[in-house]
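Below is one structure, written out as structure tokens; comments come after it.
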Amino acid sequence: MLFKSVQTDFLVKYLILVICSLFVITSCDESFEPLKENDRYFFSIYGYLDASADTNWLRVIPLRDNIEKLPDVNFTVTLEHLESGDISFMTDSLFTYAGGRTATNFWTTMELFPNHSYRIVAEREDGIQSSVVIEMPDDFPTPIVLEDFDTEFGLDSVLIDGVENLADVRTIWKIDELFSQRTPVFDFPHLQDTTGFFMGKRLVEMETIDDIESISRFYSSDIGEALELINIIHKQVWVASAGPGWLFFPDIDENVVALPDGISNVENGTGYVIGIISKTVPLQSCFEENGDPDEDPDIVACPEEDPLW
């Protein structure tokens, strides 16, 4: 669970945390410490490329003998659209995390397309490189939210159609702190709540009361007291579909995940990169009149939104 305030660099830090939680990879803590004489692994590349996003970020780190020191950014990272041959040089940003660990995050605004392939290449000045090829999934219909109308926060559900590899389902909550000027954003994973199929669509039943309880504990041990300190500005559901090559990490032995080459699709490097398409909708039900005054209106997908983070 993420408890992150909206700050200038929030998007960057959020995406790096999402990468860790989305793929459940222990290597976000750099469990693999390369040797000085390393002629096999050159870069660590982690993240995902989202065809629905305006800007995409990847974490790229040169594997080095001392992971505490600042890495020299004497390398380039490119993103190539294999169908057209177009190449984007990704822009670097250096970040320092808890414990003094550093990471170089690279971003691009290159437009990405469903069902297309892309190559990421991290290359040193001497020509040594690590690379990974990813395929984007097909687009899918906007998810439909089934809101629990019996209680303010209960068992809300989302119906997801046209997704072969369901990579992530999250609720996103934007909060107004009545005692400050801050509007922090919280998010909670719900992929584990996938219960099967309903009307031919994947069904994810989200106990949003648990989300509220978690947010409340951040402010007070008493839910009632906490809800007097905050207002919920808006709430959303974020759904991600992954392309070919997606691995469902909870099904894989954690010892295998921890190995440098146990779970990786990076050539001459470590890490894991996947292509996704995401959809974000408000956490509420939307309806459309069906033309019959004697029948209830049909439940439909709400208009898509930009995610709050």
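If you're wondering about the labels, chains in the structure tokens are A, B, ... by order shown, residues count from 1 in each chain, ligands from 1 in order shown.
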Residues of stretch 208-298 of chain A that approach stretch 53-65 of chain A to 9 Å or less, counting only C-alpha atoms: could you list each one with the shortest pair of atoms and its distance in Å to one decimal, rows by chain and increasing residue number, as JSON lines?
{"residue": "A:Gly269", "atom": "CA", "partner": "A:Leu63", "partner_atom": "CA", "distance": 8.4}
{"residue": "A:Thr270", "atom": "CA", "partner": "A:Leu63", "partner_atom": "CA", "distance": 8.9}
{"residue": "A:Val273", "atom": "CA", "partner": "A:Leu58", "partner_atom": "CA", "distance": 8.5}
{"residue": "A:Ile277", "atom": "CA", "partner": "A:Ala53", "partner_atom": "CA", "distance": 8.4}
{"residue": "A:Ser278", "atom": "CA", "partner": "A:Ala53", "partner_atom": "CA", "distance": 8.1}
Could you write out the selected residues, including N, CA and C atoms, as a PDB file, in the first residue's frame?
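Heads up, here's the output in out-v2.pdb:
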ATOM      1  N   GLY A 269      21.467  -8.189 -19.095  1.00  0.00           N
ATOM      2  CA  GLY A 269      21.163  -7.356 -17.935  1.00  0.00           C
ATOM      3  C   GLY A 269      20.196  -8.057 -17.010  1.00  0.00           C
ATOM      4  N   THR A 270      19.740  -7.353 -16.008  1.00  0.00           N
ATOM      5  CA  THR A 270      18.747  -7.876 -15.078  1.00  0.00           C
ATOM      6  C   THR A 270      17.506  -6.991 -15.144  1.00  0.00           C
ATOM      7  N   VAL A 273      10.648  -5.850 -17.828  1.00  0.00           N
ATOM      8  CA  VAL A 273       9.868  -4.754 -18.416  1.00  0.00           C
ATOM      9  C   VAL A 273       8.704  -5.371 -19.178  1.00  0.00           C
ATOM     10  N   ILE A 277      -1.634  -1.659 -21.189  1.00  0.00           N
ATOM     11  CA  ILE A 277      -2.634  -0.637 -21.484  1.00  0.00           C
ATOM     12  C   ILE A 277      -3.483  -0.504 -20.230  1.00  0.00           C
ATOM     13  N   SER A 278      -3.728   0.712 -19.791  1.00  0.00           N
ATOM     14  CA  SER A 278      -4.484   0.918 -18.559  1.00  0.00           C
ATOM     15  C   SER A 278      -5.746   1.723 -18.836  1.00  0.00           C
TER      16      SER A 278
END
(message) So that I can see what lies close to A:Leu203, please list as a ChimeraX atom specification the residues with an atom at most 6 Å from it, counting only C-alpha atoms and leaving out residues fewer than 4 positions away in the same chain.
(response) /A:158-159,194-198
(message) What parts of stretch 41-230 of chain A does DSSP call strand (DSSP E)? I'd like the answer as a PyMOL selection string.
(response) chain A and resi 43-50+56-62+75-81+87-89+91-96+102-108+117-124+129-135+144-146+155-160+166-177+185-189+194-198+201-207+230
Keeping only C-alpha atoms, take the residues you just selected and write them out as a PDB file, in the first residue's frame.
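What landed in out_10.pdb:
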ATOM      1  CA  PHE A  43      22.274  -2.720 -16.725  1.00  0.00           C
ATOM      2  CA  SER A  44      19.280  -3.244 -14.496  1.00  0.00           C
ATOM      3  CA  ILE A  45      16.068  -2.199 -16.287  1.00  0.00           C
ATOM      4  CA  TYR A  46      12.697  -2.234 -14.539  1.00  0.00           C
ATOM      5  CA  GLY A  47       9.256  -0.889 -15.257  1.00  0.00           C
ATOM      6  CA  TYR A  48       6.423  -0.888 -17.701  1.00  0.00           C
ATOM      7  CA  LEU A  49       5.427   1.100 -20.757  1.00  0.00           C
ATOM      8  CA  ASP A  50       1.783   2.159 -20.722  1.00  0.00           C
ATOM      9  CA  ASN A  56       6.423   6.769 -19.511  1.00  0.00           C
ATOM     10  CA  TRP A  57       9.200   6.121 -16.996  1.00  0.00           C
ATOM     11  CA  LEU A  58      11.725   3.311 -16.606  1.00  0.00           C
ATOM     12  CA  ARG A  59      14.295   2.701 -13.892  1.00  0.00           C
ATOM     13  CA  VAL A  60      17.702   2.047 -15.485  1.00  0.00           C
ATOM     14  CA  ILE A  61      20.807   1.477 -13.356  1.00  0.00           C
ATOM     15  CA  PRO A  62      24.303   0.498 -14.537  1.00  0.00           C
ATOM     16  CA  PHE A  75      25.110   6.014 -21.054  1.00  0.00           C
ATOM     17  CA  THR A  76      22.013   6.489 -23.177  1.00  0.00           C
ATOM     18  CA  VAL A  77      18.614   4.846 -23.106  1.00  0.00           C
ATOM     19  CA  THR A  78      16.597   4.654 -26.318  1.00  0.00           C
ATOM     20  CA  LEU A  79      13.083   3.478 -27.091  1.00  0.00           C
ATOM     21  CA  GLU A  80      12.569   2.162 -30.622  1.00  0.00           C
ATOM     22  CA  HIS A  81       9.206   1.543 -32.275  1.00  0.00           C
ATOM     23  CA  ILE A  87      13.662   6.096 -32.006  1.00  0.00           C
ATOM     24  CA  SER A  88      13.231   8.260 -28.906  1.00  0.00           C
ATOM     25  CA  PHE A  89      16.196   9.168 -26.683  1.00  0.00           C
ATOM     26  CA  THR A  91      15.648  11.763 -20.685  1.00  0.00           C
ATOM     27  CA  ASP A  92      17.350  10.900 -17.388  1.00  0.00           C
ATOM     28  CA  SER A  93      16.447  12.011 -13.858  1.00  0.00           C
ATOM     29  CA  LEU A  94      18.507  10.955 -10.831  1.00  0.00           C
ATOM     30  CA  PHE A  95      16.709  10.078  -7.591  1.00  0.00           C
ATOM     31  CA  THR A  96      17.924   9.222  -4.103  1.00  0.00           C
ATOM     32  CA  THR A 102      20.267   5.965  -5.929  1.00  0.00           C
ATOM     33  CA  ALA A 103      18.460   5.211  -9.156  1.00  0.00           C
ATOM     34  CA  THR A 104      18.354   6.766 -12.576  1.00  0.00           C
ATOM     35  CA  ASN A 105      14.873   7.042 -14.028  1.00  0.00           C
ATOM     36  CA  PHE A 106      14.390   7.713 -17.725  1.00  0.00           C
ATOM     37  CA  TRP A 107      11.273   9.150 -19.312  1.00  0.00           C
ATOM     38  CA  THR A 108       9.808   9.652 -22.774  1.00  0.00           C
ATOM     39  CA  SER A 117       6.477  -3.882 -30.394  1.00  0.00           C
ATOM     40  CA  TYR A 118       9.204  -1.745 -28.834  1.00  0.00           C
ATOM     41  CA  ARG A 119      12.891  -2.178 -28.018  1.00  0.00           C
ATOM     42  CA  ILE A 120      14.576  -0.495 -25.053  1.00  0.00           C
ATOM     43  CA  VAL A 121      18.371  -0.238 -25.236  1.00  0.00           C
ATOM     44  CA  ALA A 122      20.683   1.019 -22.465  1.00  0.00           C
ATOM     45  CA  GLU A 123      24.119   1.563 -23.995  1.00  0.00           C
ATOM     46  CA  ARG A 124      27.462   2.663 -22.532  1.00  0.00           C
ATOM     47  CA  GLN A 129      24.502  -2.569 -23.914  1.00  0.00           C
ATOM     48  CA  SER A 130      21.519  -4.281 -22.328  1.00  0.00           C
ATOM     49  CA  SER A 131      18.198  -4.439 -24.144  1.00  0.00           C
ATOM     50  CA  VAL A 132      14.648  -5.723 -23.918  1.00  0.00           C
ATOM     51  CA  VAL A 133      11.881  -6.117 -26.498  1.00  0.00           C
ATOM     52  CA  ILE A 134       8.280  -5.797 -25.340  1.00  0.00           C
ATOM     53  CA  GLU A 135       4.912  -6.213 -27.028  1.00  0.00           C
ATOM     54  CA  ILE A 144     -17.811  -1.190 -15.659  1.00  0.00           C
ATOM     55  CA  VAL A 145     -18.091  -0.402 -11.950  1.00  0.00           C
ATOM     56  CA  LEU A 146     -20.841  -1.997  -9.862  1.00  0.00           C
ATOM     57  CA  LEU A 155     -18.175  -4.340  -1.571  1.00  0.00           C
ATOM     58  CA  ASP A 156     -17.782  -2.462  -4.848  1.00  0.00           C
ATOM     59  CA  SER A 157     -17.013  -4.507  -7.960  1.00  0.00           C
ATOM     60  CA  VAL A 158     -15.558  -3.947 -11.407  1.00  0.00           C
ATOM     61  CA  LEU A 159     -16.294  -5.915 -14.580  1.00  0.00           C
ATOM     62  CA  ILE A 160     -13.384  -6.204 -17.010  1.00  0.00           C
ATOM     63  CA  LEU A 166      -4.882  -8.903 -16.053  1.00  0.00           C
ATOM     64  CA  ALA A 167      -1.797  -7.273 -14.525  1.00  0.00           C
ATOM     65  CA  ASP A 168      -3.235  -4.952 -11.888  1.00  0.00           C
ATOM     66  CA  VAL A 169      -6.435  -3.557 -10.394  1.00  0.00           C
ATOM     67  CA  ARG A 170      -6.189  -0.649  -7.939  1.00  0.00           C
ATOM     68  CA  THR A 171      -8.424   1.807  -6.193  1.00  0.00           C
ATOM     69  CA  ILE A 172      -7.133   5.382  -6.011  1.00  0.00           C
ATOM     70  CA  TRP A 173      -8.320   7.822  -3.336  1.00  0.00           C
ATOM     71  CA  LYS A 174      -7.665  11.565  -3.265  1.00  0.00           C
ATOM     72  CA  ILE A 175      -8.085  13.030   0.204  1.00  0.00           C
ATOM     73  CA  ASP A 176      -8.553  16.581   1.444  1.00  0.00           C
ATOM     74  CA  GLU A 177      -6.897  17.022   4.846  1.00  0.00           C
ATOM     75  CA  VAL A 185      -3.361  10.298  -2.790  1.00  0.00           C
ATOM     76  CA  PHE A 186      -3.678   6.717  -1.534  1.00  0.00           C
ATOM     77  CA  ASP A 187      -3.905   3.588  -3.644  1.00  0.00           C
ATOM     78  CA  PHE A 188      -4.663  -0.044  -2.812  1.00  0.00           C
ATOM     79  CA  PRO A 189      -4.163  -3.257  -4.837  1.00  0.00           C
ATOM     80  CA  THR A 194     -10.532 -11.350  -8.705  1.00  0.00           C
ATOM     81  CA  THR A 195     -13.285 -13.902  -8.089  1.00  0.00           C
ATOM     82  CA  GLY A 196     -14.061 -15.294 -11.517  1.00  0.00           C
ATOM     83  CA  PHE A 197     -16.456 -14.243 -14.260  1.00  0.00           C
ATOM     84  CA  PHE A 198     -19.869 -12.572 -14.411  1.00  0.00           C
ATOM     85  CA  LYS A 201     -16.463 -10.581 -17.935  1.00  0.00           C
ATOM     86  CA  ARG A 202     -13.802 -10.827 -15.248  1.00  0.00           C
ATOM     87  CA  LEU A 203     -15.227  -9.893 -11.863  1.00  0.00           C
ATOM     88  CA  VAL A 204     -13.138  -8.143  -9.207  1.00  0.00           C
ATOM     89  CA  GLU A 205     -14.949  -7.634  -5.889  1.00  0.00           C
ATOM     90  CA  MET A 206     -13.222  -4.836  -3.983  1.00  0.00           C
ATOM     91  CA  GLU A 207     -13.887  -4.462  -0.259  1.00  0.00           C
ATOM     92  CA  ILE A 230     -10.497  14.352   6.092  1.00  0.00           C
TER      93      ILE A 230
END
(request) Please identify all polymer residues within 8 Å of stretch 140-142 of chain A, counting only C-alpha atoms, omitting same-chain residues fewer than 3 positions from it, and present them as a PyMOL selection string. (result) chain A and resi 160-163+279+281+301-302+304
Can you write out the residues you just picked, keeping N, CA and C atoms, as a compact mmCIF listing (two decimals), in the first residue's frame?
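Final file, result-v9.txt:
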# COMPACT_ATOMS: atom_id res chain seq x y z
N ILE A 160 -14.46 -6.48 -16.06
CA ILE A 160 -13.38 -6.20 -17.01
C ILE A 160 -13.51 -7.18 -18.17
N ASP A 161 -13.57 -6.65 -19.38
CA ASP A 161 -13.76 -7.48 -20.57
C ASP A 161 -12.57 -7.32 -21.51
N GLY A 162 -12.29 -8.36 -22.29
CA GLY A 162 -11.29 -8.28 -23.35
C GLY A 162 -9.86 -8.25 -22.88
N VAL A 163 -9.57 -8.75 -21.66
CA VAL A 163 -8.22 -8.74 -21.12
C VAL A 163 -7.73 -10.17 -20.93
N LYS A 279 -6.72 1.52 -17.97
CA LYS A 279 -7.97 2.27 -18.01
C LYS A 279 -8.26 2.78 -16.59
N VAL A 281 -11.29 4.74 -14.35
CA VAL A 281 -12.69 5.19 -14.30
C VAL A 281 -13.02 5.59 -12.87
N ALA A 301 -20.38 1.69 -18.69
CA ALA A 301 -19.07 2.18 -18.26
C ALA A 301 -19.09 3.69 -18.14
N CYS A 302 -18.51 4.20 -17.08
CA CYS A 302 -18.38 5.66 -16.91
C CYS A 302 -17.31 6.20 -17.86
N GLU A 304 -13.91 7.57 -19.15
CA GLU A 304 -12.55 7.38 -18.60
C GLU A 304 -11.98 8.70 -18.11
(message) So the first atom is atom CA of A:Trp309 and the second is atom CA of A:Phe113; what is the distance between them in Å, to one decimal place?
(response)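 One can read the atom CA of A:Trp309 to atom CA of A:Phe113 distance as 22.3 Å.
We find atom CA of A:Asp210 and atom CA of A:Ile233 to be spaced 17.8 Å apart.
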